[in-house]
Amino acid sequence: LGTQNVFEAARALKCYVVLISSGSVYGDVSAPATEETPLPPSANTYIRTKRLAEEVARRYSDEFGQETTVLRVFTVYGPHQRAEMAIRTFVRRISSGEAVTVYGDGSACRDYLHIDDCVDGILRAVDTPANTFEVVNVATGTTFSISEVLAALAGMLGRPARLEHVATPDGIPHGLMASIEKATALYDYRPRIAFADGLRDFVAWFRRQRELNG
């Protein structure tokens with residue numbers, strides 16, 4: 001309903017809309033997902049809400065010619081990440097010597113997008129109004145496994161990662177990766193921050209926050 005209200009306002013004001021969706025709508029993929037990749041049934045409420053928001057956007061474009069870009073953003077990380085998100089949880093638990101819960105064997109992979117590159121992609125979309133309707137992935141086009149992430153963080157933090165493997169909950173994809181060819185073609189979008197550099201950036205921020213908060 002909130003998304004529909006935004007589109008009603010945009011229709012009245014005749015302004016362009018950039019809607020933030022999620023790469024999670026692709027479900028479990030074994031190859032980089034393109035914007036034309038068929039979407040599976042929604043596996044959980046989060047994905048269902050993203051799909052519904054995209055459907056609202058498509059309807060306003062089809063019925064009213066509303067100029068809209070839907071950005072399917074992949075796994076964003078970086079300074080100020082919410083406390084419950086994976087990389088922040090990993091850093092906190094490794095730093096404090098707590099066990100890190102790992103779904104499955106740690107081979108699940110994600111396309112990790114630094115917040116600076118995410119914002120760059122959004123701003124490029126804002127500055128490039130769609131020709132009625134576009135869906136565009138915002139990601140890096142590369143993936144890393146959970147095991148690789150944990151090993152890198154343990155090295156940066158100088159502490160071993162104690163792992164506790166548990167079964168993967170239903171609805172959590174094993175592979176989530178993106179093609180960014182369309183974003184590159186439309187916006188000349190090219191992520192700048194290598195994953196190792198992004199992790200170091202986050203670890204440095206985390207340590208500063210911990211010092212500030214005692």
# chains A, B, ... in the order shown; residues from 1 in each chain; ligands from 1
$ select_by_dssp --residues "range 36-170 of chain A" --states "alpha helix (DSSP H)" --output "JSON, numbers by chain"
{"A": [45, 46, 47, 48, 49, 50, 51, 52, 53, 54, 55, 56, 57, 58, 59, 60, 61, 62, 63, 64, 86, 87, 88, 89, 90, 91, 92, 93, 94, 95, 96, 115, 116, 117, 118, 119, 120, 121, 122, 123, 124, 125, 126, 146, 147, 148, 149, 150, 151, 152, 153, 154, 155, 156, 157]}
$ residues_around --residues "range 17-33 of chain A" --least-positions-apart "5" --cutoff "6 Å" --atoms "only C-alpha atoms" --output "list in words"
Leu39, Ile47, Lys50, Thr68, Thr69, Val70, Leu71, Arg72, Val73, Phe74, Pro173, His174, Gly175, Leu176, Met177, Ala178 and Ser179 of chain A
$ atom_distance --atom1 "CA of Gln66 in chain A" --atom2 "CA of Tyr187 in chain A"
20.2 Å
$ residues_around --residues "range 105-118 of chain A" --least-positions-apart "4" --cutoff "6 Å" --atoms "only C-alpha atoms" --output "PyMOL selection string"
chain A and resi 75-78+139+142-147+174-177+191
$ atom_distance --atom1 "CA of Val203 in chain A" --atom2 "CA of Ile180 in chain A"
26.8 Å
$ select_by_dssp --residues "range 27-180 of chain A" --states "strand (DSSP E)" --output "count of residues only"
32
$ closest_residue --among "A:Gly141, A:Pro40, A:Pro169, A:Gly198" --to "Lys182 in chain A" --atoms "only C-alpha atoms"
A:Gly141
$ closest_residue --among "A:Val149, A:Asp120, A:Asn131, A:Gly155" --to "Arg192 in chain A" --atoms "only C-alpha atoms"
A:Asp120
